[in-house]
Each structure stands twice: as structure tokens, then as C-alpha cells.
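Colleague: The file below is entry-v3.json, JSON, C-alpha atoms (C1' of nucleotides):
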```json
[["chain", "number", "residue", "atom", "x", "y", "z"],
["A", 68, "MET", "CA", 0.00, 0.00, 0.00],
["A", 69, "ARG", "CA", 1.25, 3.43, -0.81],
["A", 70, "ALA", "CA", 2.36, 5.06, 2.39],
["A", 71, "GLU", "CA", 0.85, 8.52, 2.08],
["A", 72, "VAL", "CA", -2.76, 7.43, 1.86],
["A", 73, "LEU", "CA", -2.78, 6.78, 5.58],
["A", 74, "LYS", "CA", -1.79, 10.33, 6.44],
["A", 75, "GLY", "CA", -4.37, 12.08, 8.51],
["A", 76, "HIS", "CA", -6.32, 8.90, 9.15],
["A", 77, "LEU", "CA", -3.93, 7.18, 11.54],
["A", 78, "ASP", "CA", -5.05, 9.10, 14.60],
["A", 79, "GLY", "CA", -8.66, 8.05, 14.11],
["A", 80, "LEU", "CA", -7.68, 4.42, 13.66],
["A", 81, "LEU", "CA", -5.60, 4.47, 16.83],
["A", 82, "LEU", "CA", -8.45, 6.00, 18.78],
["A", 83, "ALA", "CA", -10.82, 3.38, 17.40],
["A", 84, "VAL", "CA", -8.74, 0.37, 18.43],
["A", 85, "LEU", "CA", -8.17, 1.91, 21.87],
["A", 86, "ASP", "CA", -11.89, 2.52, 22.19],
["A", 87, "ASP", "CA", -12.45, -1.17, 21.57],
["A", 88, "GLU", "CA", -10.29, -1.84, 24.61],
["A", 89, "PRO", "CA", -7.20, -0.38, 26.29],
["A", 90, "ARG", "CA", -4.06, -1.66, 24.62],
["A", 91, "HIS", "CA", -0.31, -1.23, 24.70],
["A", 92, "GLY", "CA", 1.59, -0.16, 21.60],
["A", 93, "TYR", "CA", 2.51, -3.57, 20.35],
["A", 94, "ALA", "CA", -1.09, -4.77, 20.75],
["A", 95, "VAL", "CA", -2.28, -1.70, 18.84],
["A", 96, "ILE", "CA", -0.09, -2.68, 15.92],
["A", 97, "GLU", "CA", -1.52, -6.19, 15.94],
["A", 98, "ALA", "CA", -5.08, -4.92, 16.22],
["A", 99, "LEU", "CA", -4.58, -2.66, 13.21],
["A", 100, "ARG", "CA", -3.11, -5.50, 11.20],
["A", 101, "ALA", "CA", -5.88, -7.93, 12.11],
["A", 102, "GLY", "CA", -8.65, -5.37, 11.72],
["A", 103, "SER", "CA", -7.57, -4.35, 8.25],
["A", 104, "GLY", "CA", -7.08, -7.79, 6.77],
["A", 105, "GLY", "CA", -3.31, -7.27, 6.87],
["A", 106, "GLN", "CA", -3.35, -3.98, 4.97],
["A", 107, "PHE", "CA", -2.12, -1.85, 7.83],
["A", 108, "ASP", "CA", 1.10, -3.46, 9.02],
["A", 109, "LEU", "CA", 2.59, -0.42, 10.67],
["A", 110, "PRO", "CA", 6.17, -0.12, 11.93],
["A", 111, "THR", "CA", 6.85, 0.84, 15.52],
["A", 112, "GLY", "CA", 8.39, 4.05, 14.25],
["A", 113, "THR", "CA", 4.94, 5.03, 13.06],
["A", 114, "VAL", "CA", 2.79, 3.89, 15.94],
["A", 115, "TYR", "CA", 4.82, 4.80, 19.03],
["A", 116, "PRO", "CA", 5.36, 8.44, 18.09],
["A", 117, "ALA", "CA", 1.70, 8.69, 17.07],
["A", 118, "LEU", "CA", 0.56, 7.40, 20.45],
["A", 119, "ARG", "CA", 2.76, 9.95, 22.17],
["A", 120, "ARG", "CA", 1.29, 12.65, 19.98],
["A", 121, "LEU", "CA", -2.22, 11.62, 20.96],
["A", 122, "GLU", "CA", -1.28, 11.56, 24.62],
["A", 123, "ALA", "CA", 0.27, 15.02, 24.36],
["A", 124, "ALA", "CA", -3.00, 16.15, 22.78],
["A", 125, "GLY", "CA", -4.92, 14.78, 25.74],
["A", 126, "LEU", "CA", -6.88, 12.24, 23.71],
["A", 127, "ILE", "CA", -5.39, 9.18, 25.40],
["A", 128, "ARG", "CA", -3.52, 8.53, 28.63],
["A", 129, "SER", "CA", -1.07, 5.80, 29.55],
["A", 130, "GLY", "CA", 0.11, 3.74, 32.49],
["A", 131, "TRP", "CA", 3.00, 1.35, 32.97],
["A", 132, "SER", "CA", 2.74, -2.29, 33.88],
["A", 133, "VAL", "CA", 5.07, -5.28, 33.74],
["A", 134, "VAL", "CA", 3.89, -8.58, 32.31],
["A", 135, "THR", "CA", 6.19, -11.62, 32.27],
["A", 136, "GLY", "CA", 9.25, -9.44, 32.56],
["A", 137, "ARG", "CA", 8.27, -7.12, 29.71],
["A", 138, "ARG", "CA", 7.24, -3.57, 30.43],
["A", 139, "ARG", "CA", 4.06, -2.35, 28.88],
["A", 140, "ARG", "CA", 2.71, 1.14, 28.49],
["A", 141, "THR", "CA", -1.02, 0.69, 28.21],
["A", 142, "TYR", "CA", -3.10, 3.43, 26.62],
["A", 143, "ARG", "CA", -6.79, 4.19, 27.07],
["A", 144, "LEU", "CA", -9.09, 6.88, 25.72],
["A", 145, "THR", "CA", -9.87, 10.03, 27.66],
["A", 146, "ASP", "CA", -13.25, 11.73, 27.40],
["A", 147, "ALA", "CA", -11.74, 14.15, 24.92],
["A", 148, "GLY", "CA", -10.48, 11.15, 22.98],
["A", 149, "ARG", "CA", -13.96, 9.68, 22.78],
["A", 150, "ARG", "CA", -15.30, 12.97, 21.51],
["A", 151, "ALA", "CA", -12.48, 13.20, 18.97],
["A", 152, "LEU", "CA", -13.23, 9.65, 17.82],
["A", 153, "ALA", "CA", -16.88, 10.53, 17.25],
["A", 154, "GLU", "CA", -15.79, 13.51, 15.16],
["A", 155, "GLN", "CA", -13.37, 11.38, 13.19],
["A", 156, "ARG", "CA", -16.05, 8.83, 12.41],
["A", 157, "SER", "CA", -18.36, 11.52, 11.15],
["A", 158, "ALA", "CA", -15.62, 13.23, 9.14],
["A", 159, "TRP", "CA", -14.65, 9.90, 7.59],
["A", 160, "GLU", "CA", -18.21, 9.36, 6.38],
["A", 161, "ASP", "CA", -18.19, 12.68, 4.54],
["A", 162, "PHE", "CA", -14.66, 12.31, 3.26],
["A", 163, "SER", "CA", -15.06, 8.78, 1.95],
["A", 164, "ALA", "CA", -18.37, 9.60, 0.30],
["A", 165, "ALA", "CA", -16.77, 12.54, -1.52],
["A", 166, "VAL", "CA", -13.75, 10.55, -2.65],
["A", 167, "SER", "CA", -15.88, 7.62, -3.80],
["A", 168, "ALA", "CA", -18.14, 9.93, -5.80],
["A", 169, "LEU", "CA", -15.24, 11.73, -7.44],
["A", 170, "LEU", "CA", -13.28, 8.59, -8.24],
["A", 171, "GLN", "CA", -16.28, 7.06, -9.91],
["A", 172, "GLY", "CA", -17.23, 10.24, -11.70],
["A", 173, "GLN", "CA", -20.65, 10.25, -10.13],
["A", 174, "PRO", "CA", -22.52, 13.48, -9.47],
["A", 175, "TRP", "CA", -22.61, 14.54, -5.85],
["A", 176, "PRO", "CA", -26.01, 13.68, -4.38],
["A", 177, "ALA", "CA", -27.94, 16.93, -4.35],
["A", 178, "ALA", "CA", -30.23, 15.95, -1.51],
["A", 179, "THR", "CA", -28.65, 14.71, 1.70],
["B", 84, "MET", "CA", -11.97, 19.66, 6.84],
["B", 85, "ARG", "CA", -8.65, 18.76, 8.36],
["B", 86, "ALA", "CA", -5.97, 19.21, 5.77],
["B", 87, "GLU", "CA", -3.96, 16.04, 6.17],
["B", 88, "VAL", "CA", -6.74, 13.61, 5.40],
["B", 89, "LEU", "CA", -6.40, 14.41, 1.73],
["B", 90, "LYS", "CA", -2.74, 13.44, 1.60],
["B", 91, "GLY", "CA", -2.09, 10.62, -0.77],
["B", 92, "HIS", "CA", -5.57, 10.79, -2.27],
["B", 93, "LEU", "CA", -5.25, 14.00, -4.23],
["B", 94, "ASP", "CA", -3.51, 12.44, -7.21],
["B", 95, "GLY", "CA", -6.30, 9.94, -7.73],
["B", 96, "LEU", "CA", -8.93, 12.65, -7.54],
["B", 97, "LEU", "CA", -7.10, 14.77, -10.08],
["B", 98, "LEU", "CA", -6.80, 11.83, -12.44],
["B", 99, "ALA", "CA", -10.50, 11.09, -12.02],
["B", 100, "VAL", "CA", -11.72, 14.57, -12.91],
["B", 101, "LEU", "CA", -9.34, 14.67, -15.88],
["B", 102, "ASP", "CA", -10.61, 11.28, -16.99],
["B", 103, "ASP", "CA", -14.11, 12.71, -17.01],
["B", 104, "GLU", "CA", -12.88, 15.27, -19.53],
["B", 105, "PRO", "CA", -9.72, 17.29, -20.23],
["B", 106, "ARG", "CA", -9.61, 20.36, -18.02],
["B", 107, "HIS", "CA", -7.35, 23.27, -17.16],
["B", 108, "GLY", "CA", -6.21, 23.87, -13.59],
["B", 109, "TYR", "CA", -8.90, 26.30, -12.61],
["B", 110, "ALA", "CA", -11.61, 24.01, -14.00],
["B", 111, "VAL", "CA", -10.10, 21.11, -12.06],
["B", 112, "ILE", "CA", -10.52, 23.08, -8.84],
["B", 113, "GLU", "CA", -14.15, 23.78, -9.66],
["B", 114, "ALA", "CA", -14.79, 20.16, -10.60],
["B", 115, "LEU", "CA", -13.38, 18.97, -7.29],
["B", 116, "ARG", "CA", -15.48, 21.47, -5.38],
["B", 117, "ALA", "CA", -18.67, 20.58, -7.22],
["B", 118, "GLY", "CA", -18.02, 16.85, -7.18],
["B", 119, "SER", "CA", -17.45, 16.77, -3.43],
["B", 120, "GLY", "CA", -20.43, 18.83, -2.37],
["B", 121, "GLY", "CA", -18.12, 21.71, -1.49],
["B", 122, "GLN", "CA", -15.84, 19.66, 0.78],
["B", 123, "PHE", "CA", -12.77, 19.91, -1.43],
["B", 124, "ASP", "CA", -12.19, 23.61, -2.02],
["B", 125, "LEU", "CA", -8.53, 23.41, -2.84],
["B", 126, "PRO", "CA", -6.19, 26.39, -3.14],
["B", 127, "THR", "CA", -4.20, 26.88, -6.32],
["B", 128, "GLY", "CA", -1.05, 26.27, -4.32],
["B", 129, "THR", "CA", -2.25, 22.73, -3.86],
["B", 130, "VAL", "CA", -3.59, 21.94, -7.31],
["B", 131, "TYR", "CA", -1.09, 23.54, -9.68],
["B", 132, "PRO", "CA", 1.98, 21.90, -8.17],
["B", 133, "ALA", "CA", 0.12, 18.59, -8.04],
["B", 134, "LEU", "CA", -0.73, 18.79, -11.73],
["B", 135, "ARG", "CA", 2.91, 19.49, -12.55],
["B", 136, "ARG", "CA", 3.90, 16.53, -10.43],
["B", 137, "LEU", "CA", 1.52, 14.28, -12.34],
["B", 138, "GLU", "CA", 2.80, 15.57, -15.64],
["B", 139, "ALA", "CA", 6.40, 14.99, -14.58],
["B", 140, "ALA", "CA", 5.34, 11.45, -13.68],
["B", 141, "GLY", "CA", 3.92, 10.98, -17.18],
["B", 142, "LEU", "CA", 0.36, 10.43, -16.01],
["B", 143, "ILE", "CA", -1.05, 13.53, -17.68],
["B", 144, "ARG", "CA", 0.11, 15.88, -20.43],
["B", 145, "SER", "CA", -0.73, 19.49, -21.09],
["B", 146, "GLY", "CA", -1.18, 21.95, -23.92],
["B", 147, "TRP", "CA", -1.64, 25.71, -24.03],
["B", 148, "SER", "CA", -4.64, 27.50, -25.43],
["B", 149, "VAL", "CA", -6.03, 31.00, -25.18],
["B", 150, "VAL", "CA", -9.71, 31.57, -24.43],
["B", 151, "THR", "CA", -11.13, 35.10, -24.29],
["B", 152, "GLY", "CA", -7.70, 36.56, -23.72],
["B", 153, "ARG", "CA", -6.83, 34.23, -20.87],
["B", 154, "ARG", "CA", -4.22, 31.56, -21.31],
["B", 155, "ARG", "CA", -5.13, 28.06, -20.30],
["B", 156, "ARG", "CA", -2.99, 25.01, -19.79],
["B", 157, "THR", "CA", -5.29, 22.09, -20.45],
["B", 158, "TYR", "CA", -4.42, 18.69, -19.06],
["B", 159, "ARG", "CA", -5.52, 15.28, -20.26],
["B", 160, "LEU", "CA", -4.75, 11.73, -19.17],
["B", 161, "THR", "CA", -2.07, 9.65, -20.80],
["B", 162, "ASP", "CA", -2.40, 5.90, -21.15],
["B", 163, "ALA", "CA", -0.21, 5.52, -18.07],
["B", 164, "GLY", "CA", -2.54, 7.93, -16.31],
["B", 165, "ARG", "CA", -5.55, 5.79, -17.12],
["B", 166, "ARG", "CA", -3.77, 2.74, -15.78],
["B", 167, "ALA", "CA", -2.79, 4.64, -12.64],
["B", 168, "LEU", "CA", -6.37, 5.76, -12.17],
["B", 169, "ALA", "CA", -7.62, 2.18, -12.37],
["B", 170, "GLU", "CA", -5.10, 1.22, -9.71],
["B", 171, "GLN", "CA", -6.12, 4.13, -7.51],
["B", 172, "ARG", "CA", -9.77, 3.15, -7.74],
["B", 173, "SER", "CA", -8.95, -0.39, -6.71],
["B", 174, "ALA", "CA", -6.64, 0.73, -3.91],
["B", 175, "TRP", "CA", -9.29, 3.10, -2.62],
["B", 176, "GLU", "CA", -11.80, 0.25, -2.35],
["B", 177, "ASP", "CA", -9.45, -1.72, -0.15],
["B", 178, "PHE", "CA", -8.30, 1.24, 1.87],
["B", 179, "SER", "CA", -11.75, 2.64, 2.58],
["B", 180, "ALA", "CA", -13.11, -0.80, 3.50],
["B", 181, "ALA", "CA", -10.28, -1.26, 6.00],
["B", 182, "VAL", "CA", -10.69, 2.19, 7.55],
["B", 183, "SER", "CA", -14.46, 1.81, 7.78],
["B", 184, "ALA", "CA", -14.15, -1.56, 9.46],
["B", 185, "LEU", "CA", -11.58, -0.33, 11.97],
["B", 186, "LEU", "CA", -13.40, 2.89, 12.78],
["B", 187, "GLN", "CA", -16.58, 0.97, 13.47],
["B", 188, "GLY", "CA", -14.82, -1.77, 15.39],
["B", 189, "GLN", "CA", -16.15, -4.41, 13.08],
["B", 190, "PRO", "CA", -14.23, -7.62, 12.43],
["B", 191, "TRP", "CA", -12.56, -7.80, 9.08],
["B", 192, "PRO", "CA", -14.60, -9.99, 6.69],
["B", 193, "ALA", "CA", -12.82, -13.34, 6.63],
["B", 194, "ALA", "CA", -14.13, -14.38, 3.23],
["B", 195, "THR", "CA", -13.57, -11.99, 0.33],
["C", 166, "DT", "C1'", 25.45, -22.73, 25.89],
["C", 167, "DC", "C1'", 24.41, -19.86, 22.07],
["C", 168, "DC", "C1'", 21.54, -18.04, 18.63],
["C", 169, "DC", "C1'", 17.31, -16.73, 16.76],
["C", 170, "DT", "C1'", 12.60, -15.14, 16.99],
["C", 171, "DA", "C1'", 8.81, -12.85, 19.14],
["C", 172, "DT", "C1'", 7.60, -9.41, 22.20],
["C", 173, "DA", "C1'", 8.04, -4.52, 23.77],
["C", 174, "DA", "C1'", 9.39, 0.40, 23.80],
["C", 175, "DG", "C1'", 11.76, 4.19, 21.97],
["C", 176, "DT", "C1'", 14.26, 8.00, 18.95],
["C", 177, "DA", "C1'", 16.79, 10.71, 15.14],
["C", 178, "DG", "C1'", 16.45, 12.10, 10.82],
["C", 179, "DC", "C1'", 14.32, 11.75, 6.23],
["C", 180, "DA", "C1'", 10.78, 12.23, 2.55],
["C", 181, "DA", "C1'", 6.50, 13.34, 0.81],
["C", 182, "DT", "C1'", 2.97, 16.46, 0.12],
["C", 183, "DG", "C1'", -0.63, 19.76, 0.92],
["C", 184, "DC", "C1'", -1.04, 24.65, 2.45],
["C", 185, "DT", "C1'", -0.01, 29.72, 3.19],
["C", 186, "DA", "C1'", 1.37, 33.68, 1.22],
["C", 187, "DT", "C1'", 2.54, 36.07, -2.53],
["C", 188, "DG", "C1'", 3.08, 37.57, -7.40],
["C", 189, "DT", "C1'", 1.53, 38.28, -12.28],
["C", 190, "DA", "C1'", -2.06, 39.10, -15.68],
["C", 191, "DT", "C1'", -6.74, 39.68, -18.34],
["C", 192, "DA", "C1'", -11.94, 40.36, -18.69],
["C", 193, "DG", "C1'", -15.90, 42.49, -17.31],
["C", 194, "DC", "C1'", -18.85, 45.09, -14.38],
["C", 195, "DT", "C1'", -19.93, 49.34, -11.68],
["D", 67, "DA", "C1'", -10.75, 53.61, -11.62],
["D", 68, "DG", "C1'", -11.56, 49.93, -8.75],
["D", 69, "DC", "C1'", -13.30, 45.45, -7.69],
["D", 70, "DT", "C1'", -14.20, 40.61, -8.65],
["D", 71, "DA", "C1'", -13.63, 36.46, -11.15],
["D", 72, "DT", "C1'", -10.67, 34.00, -13.92],
["D", 73, "DA", "C1'", -6.03, 31.91, -14.69],
["D", 74, "DC", "C1'", -1.28, 30.42, -13.79],
["D", 75, "DA", "C1'", 2.72, 30.00, -10.85],
["D", 76, "DT", "C1'", 6.21, 29.34, -6.99],
["D", 77, "DA", "C1'", 8.98, 29.70, -2.43],
["D", 78, "DG", "C1'", 8.97, 28.09, 1.86],
["D", 79, "DC", "C1'", 6.50, 25.97, 5.75],
["D", 80, "DA", "C1'", 4.25, 22.35, 8.64],
["D", 81, "DT", "C1'", 2.69, 17.96, 9.36],
["D", 82, "DT", "C1'", 3.26, 13.33, 9.59],
["D", 83, "DG", "C1'", 4.42, 8.64, 8.44],
["D", 84, "DC", "C1'", 8.59, 5.86, 7.47],
["D", 85, "DT", "C1'", 13.48, 4.01, 7.65],
["D", 86, "DA", "C1'", 16.97, 2.64, 10.40],
["D", 87, "DC", "C1'", 18.61, 1.97, 14.58],
["D", 88, "DT", "C1'", 18.93, 1.03, 19.76],
["D", 89, "DT", "C1'", 17.76, -1.38, 24.08],
["D", 90, "DA", "C1'", 15.75, -5.22, 26.58],
["D", 91, "DT", "C1'", 13.35, -9.82, 28.11],
["D", 92, "DA", "C1'", 11.33, -14.57, 27.25],
["D", 93, "DG", "C1'", 11.52, -18.82, 25.11],
["D", 94, "DG", "C1'", 12.59, -22.38, 21.72],
["D", 95, "DG", "C1'", 15.97, -24.98, 18.98],
["D", 96, "DA", "C1'", 20.70, -26.45, 17.66]]
```
Would you mind giving the structure from this file in C-alpha cells?

Modeller:
Amino acid sequence: MRAEVLKGHLDGLLLAVLDDEPRHGYAVIEALRAGSGGQFDLPTGTVYPALRRLEAAGLIRSGWSVVTGRRRRTYRLTDAGRRALAEQRSAWEDFSAAVSALLQGQPWPAAT
Amino acid sequence: MRAEVLKGHLDGLLLAVLDDEPRHGYAVIEALRAGSGGQFDLPTGTVYPALRRLEAAGLIRSGWSVVTGRRRRTYRLTDAGRRALAEQRSAWEDFSAAVSALLQGQPWPAAT
DNA sequence: TCCCTATAAGTAGCAATGCTATGTATAGCT
DNA sequence: AGCTATACATAGCATTGCTACTTATAGGGA
């Protein structure tokens, strides 16, 4: 998959898999891979900085734990994160409808 | 609309409106605005460089004309551009299905 | 024992690309 | 004369995902 198509959509996807349940970074990567049929196989260099960005923005918060000797930073949504996710879902509806219409050369539906 | 969501999708949209019919840059902007229900109101600083990028990539080619005193550079698809458009349409199907599934927390369809 | 893989987190620096701001120019209307 | 719409163009910026690399533990196989 071309890399750039994900730009601007990653944050919403991260929020969505964390809304499903709190996860640590590595589990987020696996959830994205499984939930996309293998399309989104993201490197740690993509996901970890993105999670830190979302935490800095107050949309998620994290806590440390240690499981079988491995440290885990587990992230969960904040209230602001849940609101942001709702906005992202709505924005995605509009965006994907517009792109689909344009790609297929269909006229934009006049009546909503 | 947040700016970054368009990244990586603009090229496909440009190819699509030029596949509909040959257009000059200004007409491309209007076609994108009309075809998206006003969502994609792109500045010239986005569209003109993108068209030059596509031409440099051999996906479109341009020719000058003058209409009512104003010069126009009209772009049309090349054969490579038509192939690229077909790929973009296919890639968009996969991408949008994956994003929709993840955003809604639905399991990825096991059987295609 | 040693090596390899999977798990787990992290960063520095790069590359791509859309946007802001700005500049040039013509047509037509008031 | 001035304003708006039309029309093209570019320099430089900001964002963001990726590449490459580092550190560390657990567990299986040679």
C-alpha cells in the first residue's frame, strides 16, 4: 500500500482500536493489522510516536505495567479522545463519500 | 476539513476529474469542489503543483490554449494515467473498506 | 550454551505532500 | 478607476508517516 494514503487517518484508527479496549503499543499494531485484513502493518516508528502525539494532545492517557518481565505502556481513551473519535467517524463518512463519488465520476447527491 | 486527510488521495482525484474530460487547472478546482459537495475547495497552491507533479510522472500531459484573452494550460490523461487511475480506484476500495471496518470496530470480513 | 525469533518500547532524521502567502495578468462590471 | 472572477505559478513551511537503529526480556531450537 502506498504510504501517504494513511496520512491524517492514523489518529482516528488508533483511537478506534483503543476505544475497543485499552491496549499497549505492540497490541495496537496487531489490532490494526488484524482489523484491516493485513493492509495496515505499521512499523513501531509510526505507531509509538503517534501514540505519544495523541497523549500530548490529551486524547489518550497511559500507564505502565510489567507482564512476564516485559514492560508495557497501556493506553486508554480520555473523554476528549472519545469525543475526537466521534468527530473522526463523522468526518470519515463525509470524506469517503466525496472521494468515492469523485473517483467514480458520479454526481454529488444533491439531496442529503 | 482537516488538511492532512487528503494526503495521498489528491492524485487519484485529479486523475478522475481529468478522466471525465480534459480540463485546465482552474476548472479542475471547480470540478473537485462541485463533485465533493463543497468539501474539497482546494487552493491553487495545492492543485497547480500537483498537476505538474503528475505531468512529470507521465500520467497527464498538457497543452496551451487562449480563451477570451486568458491563457489556459489544459491537461488530459495519458495511457499511463488511465492505468494509474484504475489502480487508484482499486486501492481506494481496499483502503476505505479497511478504515471503515476499523473505525466501526467491526471484524474484518474473513471471506472476500 | 548460544543463537534466533517474538515481544516490547523508543528515537533521530528523512521524505512526501498539501497549504499559506505572494506575485503576475486579463476580462468584465460598476 | 476599482473590484471581482478568472487563470497560472512558486517559495517556503508544517505535518506526519517511514526508515533505520537502539535497548531489553522470554523462550525455543541447535

Colleague: Would you mind listing what lies within 12 Å of C:DA180 as a list in words, with all atoms listed in the file counted and same-chain residues fewer than 5 positions away left out?

Modeller: Ala70 and Glu71 of chain A; DT82, DG83, DC84 and DT85 of chain D

Colleague: Please return, as a count of residues only, all residues of chain B lying within 10 Å of chain A when all atoms listed in the file are considered.

Modeller: 53

Colleague: Define the interface residues of chain C facing chain B as those within 10 Å, counting all atoms listed in the file, and report them as a count of residues only.

Modeller: 9

Colleague: Point out the residue among A:Ala151, A:Ile127, A:Val134, A:Ile96 with the least atom-to-atom distance to chain D, counting only C-alpha atoms (C1' of nucleotides).

Modeller: A:Val134

Colleague: Would you give me, as a tab-separated table, each residue of chain D having an atom within 9 Å of an atom of chain B, along with its shortest atom pair and that distance in Å to one decimal, using all atoms listed in the file and sorting by chain and residue number?

Modeller:
```
residue	atom	partner	partner_atom	distance
D:DT72	C1'	B:Arg153	CA	7.9
D:DA73	C1'	B:Tyr109	CA	6.6
D:DC74	C1'	B:Arg155	CA	7.9
D:DA75	C1'	B:Tyr131	CA	7.6
D:DT76	C1'	B:Gly128	CA	8.3
D:DT81	C1'	B:Glu87	CA	7.6
D:DT82	C1'	B:Glu87	CA	8.4
```
